[in-house]
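The data block below is work-v7.txt; it holds compact mmCIF, C-alpha atoms.
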```
# COMPACT_ATOMS: atom_id res chain seq x y z
CA MET A 179 -13.37 1.81 23.39
CA PHE A 180 -11.54 1.39 20.08
CA GLU A 181 -12.65 -2.18 19.43
CA ASN A 182 -14.91 -1.32 16.48
CA ILE A 183 -12.48 0.91 14.62
CA ILE A 184 -9.68 -1.65 15.06
CA LYS A 185 -11.96 -4.35 13.65
CA ASN A 186 -12.79 -1.96 10.79
CA VAL A 187 -9.18 -1.41 9.71
CA SER A 188 -8.22 -5.05 10.42
CA ARG A 189 -10.41 -6.08 7.49
CA PHE A 190 -7.68 -4.70 5.25
CA ILE A 191 -4.38 -5.09 7.14
CA ASN A 192 -2.91 -6.95 10.12
CA ILE A 193 -1.79 -4.60 12.86
CA SER A 194 0.26 -5.28 15.96
CA THR A 195 -0.67 -4.08 19.45
CA GLY A 196 1.98 -1.34 19.18
CA GLU A 197 0.58 -0.16 15.85
CA GLU A 198 -2.94 -0.21 17.28
CA LYS A 199 -1.79 2.09 20.09
CA PHE A 200 0.02 4.45 17.69
CA PHE A 201 -3.12 4.65 15.54
CA THR A 202 -5.66 5.15 18.31
CA ASP A 203 -3.43 7.71 20.11
CA LEU A 204 -3.77 9.85 16.97
CA LEU A 205 -7.58 9.82 17.07
CA THR A 206 -9.62 12.59 18.63
CA CYS A 207 -12.96 11.43 20.01
CA GLN A 208 -15.80 13.87 19.47
CA THR A 209 -19.26 13.68 20.95
CA VAL A 210 -21.51 15.70 18.68
CA PRO A 211 -25.16 16.53 19.42
CA LYS A 212 -27.69 15.88 16.67
CA LYS A 213 -28.31 18.59 14.05
CA THR A 214 -24.72 19.86 14.25
CA VAL A 215 -23.23 20.99 10.95
CA LEU A 216 -19.62 19.72 10.85
CA LEU A 217 -18.80 21.03 7.37
CA ARG A 218 -20.32 23.85 5.31
CA GLU A 219 -19.99 24.70 1.60
CA GLY A 220 -16.93 26.94 1.19
CA GLU A 221 -15.13 25.55 4.25
CA ILE A 222 -12.11 23.26 4.04
CA CYS A 223 -12.77 19.80 5.41
CA GLN A 224 -10.38 19.10 8.31
CA PHE A 225 -11.62 15.67 9.31
CA GLU A 226 -11.88 12.11 8.20
CA GLY A 227 -14.21 10.57 10.76
CA TYR A 228 -15.06 7.03 11.84
CA ILE A 229 -18.61 6.82 13.18
CA GLN A 230 -18.57 4.95 16.48
CA LYS A 231 -22.21 5.85 17.15
CA GLY A 232 -24.86 7.89 15.40
CA CYS A 233 -26.07 8.90 11.97
CA LEU A 234 -24.86 11.66 9.66
CA ARG A 235 -25.65 12.87 6.19
CA MET A 236 -23.78 14.68 3.45
CA TYR A 237 -25.76 17.13 1.34
CA CYS A 238 -25.48 20.02 -1.09
CA LEU A 239 -27.73 22.92 -1.99
CA ASP A 240 -29.22 23.05 -5.47
CA ASP A 241 -29.45 26.23 -7.55
CA LYS A 242 -32.70 27.12 -5.75
CA GLY A 243 -31.16 26.61 -2.29
CA VAL A 244 -32.96 23.30 -1.73
CA GLU A 245 -31.03 20.63 0.22
CA VAL A 246 -30.17 17.46 -1.71
CA THR A 247 -28.91 14.59 0.44
CA ILE A 248 -26.00 12.81 -1.23
CA LEU A 249 -25.39 10.05 1.28
CA PHE A 250 -26.12 8.86 4.78
CA ALA A 251 -23.49 7.36 7.07
CA ILE A 252 -24.03 5.30 10.22
CA GLU A 253 -22.01 3.19 12.68
CA ASP A 254 -18.83 1.67 11.22
CA TRP A 255 -18.77 4.02 8.21
CA TRP A 256 -16.18 6.72 7.64
CA ILE A 257 -17.24 10.21 6.61
CA SER A 258 -15.34 13.12 5.07
CA ASP A 259 -15.33 15.29 1.97
CA ILE A 260 -12.14 13.59 0.85
CA ALA A 261 -11.72 15.90 -2.17
CA SER A 262 -11.62 18.92 0.13
CA PHE A 263 -9.67 17.12 2.89
CA GLN A 264 -6.95 15.81 0.58
CA ASP A 265 -6.25 18.94 -1.44
CA GLN A 266 -7.32 21.40 1.28
CA VAL A 267 -9.70 23.16 -1.10
CA PRO A 268 -13.13 24.61 -0.26
CA SER A 269 -15.91 22.04 -0.08
CA LYS A 270 -19.09 22.11 -2.16
CA LEU A 271 -20.84 20.05 0.49
CA TYR A 272 -22.35 20.04 3.94
CA ILE A 273 -21.98 17.30 6.56
CA GLU A 274 -24.30 17.21 9.57
CA THR A 275 -25.30 14.84 12.36
CA LEU A 276 -28.89 13.56 12.30
CA GLU A 277 -28.53 11.85 15.72
CA ASP A 278 -26.29 12.41 18.75
CA SER A 279 -23.04 10.93 17.47
CA GLU A 280 -19.59 9.80 18.59
CA ILE A 281 -16.92 10.22 15.94
CA TYR A 282 -13.21 9.36 15.92
CA ILE A 283 -11.40 12.00 13.95
CA LEU A 284 -8.21 12.06 11.91
CA THR A 285 -6.99 15.47 10.73
CA PRO A 286 -4.77 16.02 7.66
CA ALA A 287 -1.79 16.22 10.07
CA THR A 288 -2.58 13.09 12.10
CA LYS A 289 -3.47 11.09 8.98
CA GLU A 290 -0.13 12.07 7.41
CA LYS A 291 1.70 11.11 10.62
CA LEU A 292 -0.07 7.74 10.59
CA LEU A 293 0.85 7.08 6.94
CA GLN A 294 4.46 8.11 7.55
CA GLU A 295 4.80 5.82 10.56
CA ILE A 296 2.70 2.86 9.36
CA PRO A 297 2.64 2.96 5.54
CA LYS A 298 0.39 -0.08 5.29
CA PHE A 299 -2.47 2.23 6.31
CA GLU A 300 -2.26 3.42 2.68
CA ARG A 301 -4.07 0.17 1.89
CA VAL A 302 -6.78 0.87 4.48
CA PHE A 303 -7.50 4.30 3.03
CA ARG A 304 -7.33 3.00 -0.54
CA MET A 305 -9.97 0.40 0.27
CA LEU A 306 -12.13 2.91 2.15
CA VAL A 307 -12.03 5.45 -0.65
CA GLN A 308 -12.81 2.69 -3.18
CA ARG A 309 -15.94 1.81 -1.21
CA ASN A 310 -16.85 5.45 -1.05
CA LEU A 311 -16.37 5.71 -4.82
CA SER A 312 -18.48 2.63 -5.35
CA THR A 313 -21.31 4.07 -3.20
CA LEU A 314 -21.13 7.39 -5.02
CA GLN A 315 -21.03 5.74 -8.45
CA ASN A 316 -24.16 3.72 -7.64
CA ARG A 317 -25.76 6.88 -6.31
CA LEU A 318 -24.96 8.71 -9.54
CA VAL A 319 -26.27 5.92 -11.81
CA SER A 320 -29.37 5.69 -9.66
CA THR A 321 -29.94 9.47 -9.84
CA ILE A 322 -29.54 9.81 -13.58
CA ALA A 323 -30.83 6.50 -14.83
CA ARG A 324 -33.45 4.98 -12.55
CA THR A 325 -37.13 5.66 -11.84
CA ALA A 326 -38.09 6.96 -8.38
CA SER A 327 -39.41 3.51 -7.34
CA ASP A 328 -36.15 1.82 -8.38
CA ARG A 329 -34.18 4.54 -6.55
CA TYR A 330 -36.17 3.78 -3.40
CA LEU A 331 -35.48 0.02 -3.70
CA GLU A 332 -31.75 0.72 -4.19
CA PHE A 333 -31.86 3.10 -1.23
CA ILE A 334 -33.31 0.52 1.20
CA ARG A 335 -30.82 -2.07 -0.07
CA VAL A 336 -27.88 0.24 0.72
CA TYR A 337 -29.41 1.74 3.87
CA PRO A 338 -31.78 -0.87 5.36
CA THR A 339 -31.95 0.82 8.79
CA ILE A 340 -32.20 4.46 7.70
CA PRO A 341 -36.00 4.59 7.18
CA GLN A 342 -36.42 3.78 10.90
CA ARG A 343 -33.83 6.34 11.98
CA VAL A 344 -34.39 9.55 10.04
CA ALA A 345 -37.32 11.78 9.15
CA GLN A 346 -39.04 11.13 5.82
CA TYR A 347 -37.91 14.57 4.68
CA TYR A 348 -34.27 13.39 4.46
CA ILE A 349 -35.20 10.29 2.48
CA ALA A 350 -37.20 12.46 0.07
CA SER A 351 -34.21 14.81 -0.27
CA TYR A 352 -32.01 11.80 -1.09
CA LEU A 353 -34.40 10.40 -3.68
CA GLY A 354 -35.17 13.77 -5.23
CA VAL A 355 -38.91 13.41 -4.69
CA SER A 356 -41.52 14.90 -2.36
CA LYS A 357 -42.26 13.50 1.12
CA GLU A 358 -45.70 12.53 -0.15
CA PHE A 359 -44.14 10.53 -2.96
CA VAL A 360 -41.95 8.59 -0.47
CA SER A 361 -45.16 7.65 1.41
CA THR A 362 -46.81 6.57 -1.84
CA ILE A 363 -43.86 4.36 -2.83
CA ARG A 364 -43.68 2.78 0.62
CA LYS A 365 -47.41 2.02 0.61
CA ARG A 366 -47.21 0.62 -2.91
CA LEU A 367 -44.28 -1.65 -1.99
CA ALA A 368 -45.94 -2.70 1.28
CA SER A 369 -49.10 -3.76 -0.58
CA LYS A 370 -46.89 -5.87 -2.87
CA GLY A 371 -45.40 -7.54 0.22
CA LYS A 372 -41.87 -6.19 -0.40
CA MET B 13 7.45 4.09 -24.35
CA PHE B 14 6.53 4.12 -20.64
CA GLU B 15 7.75 7.66 -19.95
CA ASN B 16 4.27 9.12 -19.40
CA ILE B 17 2.97 6.44 -17.07
CA ILE B 18 6.18 6.57 -15.01
CA LYS B 19 5.81 10.34 -14.71
CA ASN B 20 2.18 9.78 -13.71
CA VAL B 21 2.97 7.44 -10.80
CA SER B 22 6.09 9.41 -9.80
CA ARG B 23 3.82 12.25 -8.73
CA PHE B 24 2.93 10.13 -5.73
CA ILE B 25 5.96 7.94 -4.97
CA ASN B 26 9.67 7.68 -5.79
CA ILE B 27 10.49 4.54 -7.72
CA SER B 28 13.87 3.02 -8.56
CA THR B 29 14.83 1.79 -12.03
CA GLY B 30 14.32 -1.80 -10.89
CA GLU B 31 10.84 -1.00 -9.58
CA GLU B 32 10.03 0.81 -12.83
CA LYS B 33 10.93 -2.33 -14.76
CA PHE B 34 8.90 -4.59 -12.46
CA PHE B 35 5.89 -2.29 -12.88
CA THR B 36 6.07 -1.84 -16.65
CA ASP B 37 6.70 -5.57 -17.23
CA LEU B 38 3.30 -6.19 -15.65
CA LEU B 39 1.50 -3.86 -18.08
CA THR B 40 -0.23 -5.12 -21.22
CA CYS B 41 -0.31 -2.56 -24.03
CA GLN B 42 -3.54 -2.54 -25.99
CA THR B 43 -4.21 -0.66 -29.21
CA VAL B 44 -7.95 -0.23 -29.44
CA PRO B 45 -9.83 1.16 -32.47
CA LYS B 46 -12.37 3.87 -31.84
CA LYS B 47 -15.95 2.91 -30.96
CA THR B 48 -14.83 -0.29 -29.21
CA VAL B 49 -16.84 -1.21 -26.12
CA LEU B 50 -14.34 -2.41 -23.47
CA LEU B 51 -16.89 -3.02 -20.71
CA ARG B 52 -20.64 -3.70 -20.84
CA GLU B 53 -23.30 -3.60 -18.11
CA GLY B 54 -23.41 -7.04 -16.45
CA GLU B 55 -19.77 -7.86 -17.26
CA ILE B 56 -17.02 -7.94 -14.64
CA CYS B 57 -14.38 -5.27 -15.20
CA GLN B 58 -10.97 -6.94 -15.68
CA PHE B 59 -8.88 -3.85 -16.34
CA GLU B 60 -7.53 -0.73 -14.76
CA GLY B 61 -6.15 1.19 -17.73
CA TYR B 62 -3.75 4.10 -18.16
CA ILE B 63 -4.54 6.09 -21.31
CA GLN B 64 -1.34 6.63 -23.26
CA LYS B 65 -3.27 7.99 -26.24
CA GLY B 66 -6.91 8.50 -27.10
CA CYS B 67 -10.25 9.36 -25.59
CA LEU B 68 -12.77 7.14 -23.82
CA ARG B 69 -16.05 7.57 -22.04
CA MET B 70 -17.92 5.77 -19.30
CA TYR B 71 -21.70 5.67 -19.59
CA CYS B 72 -24.82 3.95 -18.35
CA LEU B 73 -28.27 3.36 -19.81
CA ASP B 74 -31.24 5.06 -18.19
CA ASP B 75 -34.58 3.35 -17.60
CA LYS B 76 -35.62 4.18 -21.17
CA GLY B 77 -32.39 2.77 -22.65
CA VAL B 78 -30.91 6.20 -23.36
CA GLU B 79 -27.12 6.53 -22.92
CA VAL B 80 -25.97 8.88 -20.16
CA THR B 81 -22.26 9.73 -20.25
CA ILE B 82 -20.79 9.72 -16.74
CA LEU B 83 -17.26 10.78 -17.53
CA PHE B 84 -14.72 11.24 -20.28
CA ALA B 85 -11.07 10.18 -19.96
CA ILE B 86 -8.13 11.27 -22.12
CA GLU B 87 -4.32 10.99 -22.16
CA ASP B 88 -2.73 10.60 -18.70
CA TRP B 89 -6.01 9.55 -17.03
CA TRP B 90 -6.73 6.10 -15.67
CA ILE B 91 -10.02 4.36 -16.45
CA SER B 92 -11.81 1.40 -14.86
CA ASP B 93 -15.04 0.55 -13.11
CA ILE B 94 -13.12 0.18 -9.87
CA ALA B 95 -16.20 -1.06 -7.94
CA SER B 96 -16.56 -3.98 -10.36
CA PHE B 97 -12.78 -4.50 -10.73
CA GLN B 98 -12.08 -4.58 -6.99
CA ASP B 99 -14.89 -6.85 -5.84
CA GLN B 100 -15.23 -8.74 -9.16
CA VAL B 101 -18.95 -8.02 -9.30
CA PRO B 102 -21.01 -7.22 -12.43
CA SER B 103 -20.70 -3.65 -13.64
CA LYS B 104 -23.61 -1.24 -14.10
CA LEU B 105 -21.58 0.70 -16.63
CA TYR B 106 -20.18 0.75 -20.14
CA ILE B 107 -16.69 1.93 -21.15
CA GLU B 108 -15.91 2.64 -24.81
CA THR B 109 -13.24 4.33 -26.90
CA LEU B 110 -14.27 7.48 -28.77
CA GLU B 111 -10.92 7.69 -30.65
CA ASP B 112 -8.28 5.12 -31.63
CA SER B 113 -6.57 4.59 -28.28
CA GLU B 114 -3.49 3.07 -26.66
CA ILE B 115 -4.06 1.80 -23.17
CA TYR B 116 -1.72 0.20 -20.63
CA ILE B 117 -3.66 -2.40 -18.71
CA LEU B 118 -3.38 -3.87 -15.22
CA THR B 119 -5.60 -6.87 -14.46
CA PRO B 120 -6.73 -7.85 -10.94
CA ALA B 121 -3.89 -10.43 -10.91
CA THR B 122 -1.10 -8.11 -12.12
CA LYS B 123 -2.27 -5.28 -9.85
CA GLU B 124 -2.20 -7.64 -6.86
CA LYS B 125 1.29 -8.84 -7.86
CA LEU B 126 2.44 -5.21 -8.08
CA LEU B 127 1.03 -4.36 -4.65
CA GLN B 128 2.56 -7.48 -3.10
CA GLU B 129 5.98 -6.72 -4.56
CA ILE B 130 6.02 -2.92 -4.22
CA PRO B 131 3.53 -1.99 -1.45
CA LYS B 132 4.12 1.73 -1.89
CA PHE B 133 1.93 1.47 -5.01
CA GLU B 134 -0.94 1.36 -2.50
CA ARG B 135 -0.34 5.11 -2.23
CA VAL B 136 -0.50 5.57 -6.00
CA PHE B 137 -3.84 3.81 -6.24
CA ARG B 138 -5.17 5.58 -3.15
CA MET B 139 -4.40 8.94 -4.74
CA LEU B 140 -5.83 7.88 -8.11
CA VAL B 141 -9.05 6.62 -6.62
CA GLN B 142 -9.34 9.80 -4.53
CA ARG B 143 -9.13 11.87 -7.72
CA ASN B 144 -11.69 9.67 -9.33
CA LEU B 145 -13.95 10.12 -6.30
CA SER B 146 -13.46 13.86 -6.44
CA THR B 147 -14.39 13.96 -10.16
CA LEU B 148 -17.45 11.83 -9.56
CA GLN B 149 -18.53 13.85 -6.52
CA ASN B 150 -18.34 17.07 -8.53
CA ARG B 151 -20.23 15.35 -11.34
CA LEU B 152 -22.97 14.31 -8.91
CA VAL B 153 -23.30 17.77 -7.32
CA SER B 154 -23.34 19.29 -10.79
CA THR B 155 -26.06 16.86 -11.97
CA ILE B 156 -28.40 17.32 -9.04
CA ALA B 157 -27.77 20.89 -8.04
CA ARG B 158 -26.73 23.06 -11.00
CA THR B 159 -28.51 24.60 -13.97
CA ALA B 160 -27.64 23.31 -17.47
CA SER B 161 -25.54 26.44 -18.18
CA ASP B 162 -23.55 25.99 -14.97
CA ARG B 163 -23.11 22.30 -15.78
CA TYR B 164 -21.67 23.27 -19.17
CA LEU B 165 -19.22 25.75 -17.58
CA GLU B 166 -18.11 23.09 -15.07
CA PHE B 167 -17.78 20.60 -17.94
CA ILE B 168 -15.41 22.81 -19.97
CA ARG B 169 -13.40 23.57 -16.82
CA VAL B 170 -12.86 19.83 -16.17
CA TYR B 171 -12.57 18.84 -19.84
CA PRO B 172 -11.22 21.86 -21.75
CA THR B 173 -10.21 19.84 -24.84
CA ILE B 174 -13.21 17.51 -25.10
CA PRO B 175 -15.49 19.87 -27.13
CA GLN B 176 -12.90 19.78 -29.93
CA ARG B 177 -12.52 16.01 -29.76
CA VAL B 178 -15.94 14.43 -29.49
CA ALA B 179 -19.31 14.76 -31.21
CA GLN B 180 -21.81 17.14 -29.64
CA TYR B 181 -24.06 14.15 -28.98
CA TYR B 182 -21.70 12.89 -26.25
CA ILE B 183 -21.50 16.27 -24.57
CA ALA B 184 -25.29 16.48 -24.58
CA SER B 185 -25.46 12.97 -23.07
CA TYR B 186 -23.05 14.11 -20.33
CA LEU B 187 -24.97 17.27 -19.53
CA GLY B 188 -28.37 15.60 -19.72
CA VAL B 189 -29.68 18.02 -22.35
CA SER B 190 -30.43 17.89 -26.09
CA LYS B 191 -27.78 18.51 -28.77
CA GLU B 192 -29.67 21.67 -29.72
CA PHE B 193 -29.43 22.93 -26.15
CA VAL B 194 -25.63 22.42 -26.14
CA SER B 195 -25.47 24.60 -29.30
CA THR B 196 -27.65 27.24 -27.65
CA ILE B 197 -25.46 27.36 -24.51
CA ARG B 198 -22.27 27.55 -26.57
CA LYS B 199 -23.64 30.39 -28.69
CA ARG B 200 -24.88 32.23 -25.61
CA LEU B 201 -21.47 31.92 -23.89
CA ALA B 202 -19.63 32.91 -27.10
CA SER B 203 -21.72 36.06 -27.38
CA LYS B 204 -20.76 36.91 -23.77
CA GLY B 205 -17.10 36.47 -24.75
CA LYS B 206 -16.56 33.45 -22.48
```
Could you rewrite the structure in this file as structure tokens?
Amino acid sequence: MFENIIKNVSRFINISTGEEKFFTDLLTCQTVPKKTVLLREGEICQFEGYIQKGCLRMYCLDDKGVEVTILFAIEDWWISDIASFQDQVPSKLYIETLEDSEIYILTPATKEKLLQEIPKFERVFRMLVQRNLSTLQNRLVSTIARTASDRYLEFIRVYPTIPQRVAQYYIASYLGVSKEFVSTIRKRLASKGK
Amino acid sequence: MFENIIKNVSRFINISTGEEKFFTDLLTCQTVPKKTVLLREGEICQFEGYIQKGCLRMYCLDDKGVEVTILFAIEDWWISDIASFQDQVPSKLYIETLEDSEIYILTPATKEKLLQEIPKFERVFRMLVQRNLSTLQNRLVSTIARTASDRYLEFIRVYPTIPQRVAQYYIASYLGVSKEFVSTIRKRLASKGK
């Protein structure tokens, strides 16, 4: 049951069987139907979740109330609004499932307990948050400095399986373009054999 | 000499005098004149720097070659392209000094040595990278979802001293507006008594 998440953290640290048990005993397993909002703007994020199965997205609302997708997350990714989770301050973001999902959850209390008991998990979370930062930094550069076509190419590099999994609407809301424009880019790239 | 940086890391961990010495012996102190580019797009970032004195900015070039400022960093902040530093991959970003600066530098090798010798520094870097993530996340939400006036208000909340320290050009390049528009917003807010 916990094979994937153990493999995930074992990329960064070696853990013994006893430590594995301590860690996995702290996890809550949630089965969440698709289209469930797990976090809303103004709420305080109470979870850091490992995605065992499914697909989620993080988004915000712009000044006209339009949804802007910030990132997608699928199997073997972690998802949280870490800024809200860490400092227990209201989030500016939404997190929702796009497919039926299974998520292993740490809360602020269980994460703290884990770090107290097995301090080398500090390294795991440092590496995870660095990856998150890296993803977000690329996302930011892409948003402010690339053309829509280049943003689409970057998007399929980071998320090769997402176009098959989610409605075009979400991809458009990630790229900041219309659904029609996503179709146009895809057709243009297909005709170039990319 | 190292009082500030010790205070900075002591927010997250307790360190003994011996550990302090081990840590500070690993730091290289660099005095950098203003307008020095420390990292260019395509280069691999070899530093994680604590700003003892001065002001720096991180920026990228958009598809027309125009500079877009991603963040500013002043005294008591850390600066690096952590994505490039960690995985030793080419950066998409530039980092330059805007004032004469003093920076305490860790390289990939000295950081690794520090973490090997004093593993509780994992916590320090986890917390630092979380703050960085939080700043960047707010920056992204601000960029894609707020009006220019709201972006300016958010900017002066995060960087209250920057308007007095850097040329209006850099603020405009952060907000994604013209210099003239920054003046207009400032005048409008001043007339409202903000």
Exercise: Arg235 (chain A) partners within 12 Å, only C-alpha atoms, chain neighbours under 5 positions left out, as an NGL selection string: :A and (212-217 or 229 or 245-252 or 255-259 or 271-277 or 279 or 337 or 340 or 343-344 or 348-349 or 351-352)
Restricted to C-alpha atoms, what would the selected residues look like written as a PDB file, in the frame of the given file?
```pdb
ATOM      1  CA  LYS A 212     -27.690  15.880  16.670  1.00  0.00           C
ATOM      2  CA  LYS A 213     -28.310  18.590  14.050  1.00  0.00           C
ATOM      3  CA  THR A 214     -24.720  19.860  14.250  1.00  0.00           C
ATOM      4  CA  VAL A 215     -23.230  20.990  10.950  1.00  0.00           C
ATOM      5  CA  LEU A 216     -19.620  19.720  10.850  1.00  0.00           C
ATOM      6  CA  LEU A 217     -18.800  21.030   7.370  1.00  0.00           C
ATOM      7  CA  ILE A 229     -18.610   6.820  13.180  1.00  0.00           C
ATOM      8  CA  GLU A 245     -31.030  20.630   0.220  1.00  0.00           C
ATOM      9  CA  VAL A 246     -30.170  17.460  -1.710  1.00  0.00           C
ATOM     10  CA  THR A 247     -28.910  14.590   0.440  1.00  0.00           C
ATOM     11  CA  ILE A 248     -26.000  12.810  -1.230  1.00  0.00           C
ATOM     12  CA  LEU A 249     -25.390  10.050   1.280  1.00  0.00           C
ATOM     13  CA  PHE A 250     -26.120   8.860   4.780  1.00  0.00           C
ATOM     14  CA  ALA A 251     -23.490   7.360   7.070  1.00  0.00           C
ATOM     15  CA  ILE A 252     -24.030   5.300  10.220  1.00  0.00           C
ATOM     16  CA  TRP A 255     -18.770   4.020   8.210  1.00  0.00           C
ATOM     17  CA  TRP A 256     -16.180   6.720   7.640  1.00  0.00           C
ATOM     18  CA  ILE A 257     -17.240  10.210   6.610  1.00  0.00           C
ATOM     19  CA  SER A 258     -15.340  13.120   5.070  1.00  0.00           C
ATOM     20  CA  ASP A 259     -15.330  15.290   1.970  1.00  0.00           C
ATOM     21  CA  LEU A 271     -20.840  20.050   0.490  1.00  0.00           C
ATOM     22  CA  TYR A 272     -22.350  20.040   3.940  1.00  0.00           C
ATOM     23  CA  ILE A 273     -21.980  17.300   6.560  1.00  0.00           C
ATOM     24  CA  GLU A 274     -24.300  17.210   9.570  1.00  0.00           C
ATOM     25  CA  THR A 275     -25.300  14.840  12.360  1.00  0.00           C
ATOM     26  CA  LEU A 276     -28.890  13.560  12.300  1.00  0.00           C
ATOM     27  CA  GLU A 277     -28.530  11.850  15.720  1.00  0.00           C
ATOM     28  CA  SER A 279     -23.040  10.930  17.470  1.00  0.00           C
ATOM     29  CA  TYR A 337     -29.410   1.740   3.870  1.00  0.00           C
ATOM     30  CA  ILE A 340     -32.200   4.460   7.700  1.00  0.00           C
ATOM     31  CA  ARG A 343     -33.830   6.340  11.980  1.00  0.00           C
ATOM     32  CA  VAL A 344     -34.390   9.550  10.040  1.00  0.00           C
ATOM     33  CA  TYR A 348     -34.270  13.390   4.460  1.00  0.00           C
ATOM     34  CA  ILE A 349     -35.200  10.290   2.480  1.00  0.00           C
ATOM     35  CA  SER A 351     -34.210  14.810  -0.270  1.00  0.00           C
ATOM     36  CA  TYR A 352     -32.010  11.800  -1.090  1.00  0.00           C
TER      37      TYR A 352
END
```
Gap from CA of Ser161 (chain B) to CA of Cys238 (chain A) - Å, one decimal: 18.3 Å
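From CA of Gln98 (chain B) back to CA of Phe167 (chain B), the distance works out to 28.0 Å.
Rounded to one decimal, CA of Val244 (chain A) and CA of Asn144 (chain B) lie 26.4 Å from each other.
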With 9 Å as the limit and counting only C-alpha atoms, what residues in chain B lie close to chain A? Please list them as an mmCIF file with C-alpha atoms, keeping the file's coordinate frame.
```cif
data_model
loop_
_atom_site.group_PDB
_atom_site.id
_atom_site.type_symbol
_atom_site.label_atom_id
_atom_site.label_comp_id
_atom_site.auth_asym_id
_atom_site.auth_seq_id
_atom_site.Cartn_x
_atom_site.Cartn_y
_atom_site.Cartn_z
ATOM 1 C CA CYS B 72 -24.820 3.950 -18.350
ATOM 2 C CA LEU B 73 -28.270 3.360 -19.810
ATOM 3 C CA ASP B 74 -31.240 5.060 -18.190
ATOM 4 C CA ASP B 75 -34.580 3.350 -17.600
ATOM 5 C CA LYS B 76 -35.620 4.180 -21.170
ATOM 6 C CA GLY B 77 -32.390 2.770 -22.650
ATOM 7 C CA VAL B 78 -30.910 6.200 -23.360
ATOM 8 C CA GLU B 79 -27.120 6.530 -22.920
ATOM 9 C CA VAL B 80 -25.970 8.880 -20.160
ATOM 10 C CA ILE B 82 -20.790 9.720 -16.740
ATOM 11 C CA ASP B 93 -15.040 0.550 -13.110
ATOM 12 C CA ILE B 94 -13.120 0.180 -9.870
ATOM 13 C CA ALA B 95 -16.200 -1.060 -7.940
ATOM 14 C CA SER B 96 -16.560 -3.980 -10.360
ATOM 15 C CA GLN B 98 -12.080 -4.580 -6.990
ATOM 16 C CA LYS B 104 -23.610 -1.240 -14.100
ATOM 17 C CA LEU B 105 -21.580 0.700 -16.630
ATOM 18 C CA PRO B 131 3.530 -1.990 -1.450
ATOM 19 C CA LYS B 132 4.120 1.730 -1.890
ATOM 20 C CA PHE B 133 1.930 1.470 -5.010
ATOM 21 C CA GLU B 134 -0.940 1.360 -2.500
ATOM 22 C CA ARG B 135 -0.340 5.110 -2.230
ATOM 23 C CA PHE B 137 -3.840 3.810 -6.240
ATOM 24 C CA ARG B 138 -5.170 5.580 -3.150
ATOM 25 C CA MET B 139 -4.400 8.940 -4.740
ATOM 26 C CA VAL B 141 -9.050 6.620 -6.620
ATOM 27 C CA GLN B 142 -9.340 9.800 -4.530
ATOM 28 C CA ARG B 143 -9.130 11.870 -7.720
ATOM 29 C CA ASN B 144 -11.690 9.670 -9.330
ATOM 30 C CA LEU B 145 -13.950 10.120 -6.300
ATOM 31 C CA SER B 146 -13.460 13.860 -6.440
ATOM 32 C CA THR B 147 -14.390 13.960 -10.160
ATOM 33 C CA LEU B 148 -17.450 11.830 -9.560
ATOM 34 C CA GLN B 149 -18.530 13.850 -6.520
ATOM 35 C CA ASN B 150 -18.340 17.070 -8.530
ATOM 36 C CA ARG B 151 -20.230 15.350 -11.340
ATOM 37 C CA LEU B 152 -22.970 14.310 -8.910
ATOM 38 C CA VAL B 153 -23.300 17.770 -7.320
ATOM 39 C CA SER B 154 -23.340 19.290 -10.790
ATOM 40 C CA THR B 155 -26.060 16.860 -11.970
ATOM 41 C CA ILE B 156 -28.400 17.320 -9.040
ATOM 42 C CA ALA B 157 -27.770 20.890 -8.040
ATOM 43 C CA ARG B 158 -26.730 23.060 -11.000
ATOM 44 C CA THR B 159 -28.510 24.600 -13.970
ATOM 45 C CA GLY B 188 -28.370 15.600 -19.720
#
```
Expected answer as a PyMOL selection string: all residues with atoms within 9 Å of (-14.8, 25.6, 2.0), only C-alpha atoms: chain A and resi 217-223+262+266-271
For Glu197 (chain A), the nearest of the candidates A:Val355, A:Ile363, A:Ala345, A:Leu292, counting all atoms listed in the file: A:Leu292
Contact residues around Thr285 (chain A) with all atoms listed in the file at 8 Å, ignoring same-chain residues under 2 positions, as a PyMOL selection string: chain A and resi 224-226+283+287-289
Close residues, Glu181 (chain A) itself excluded, 12 Å, all atoms listed in the file, min 3 positions apart in chain, as a count of residues only: 10
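Distances from A:Tyr282, A:Phe359, A:Tyr347, A:Phe190 to Val210 (chain A) were compared using only C-alpha atoms, and the smallest one belongs to A:Tyr282.
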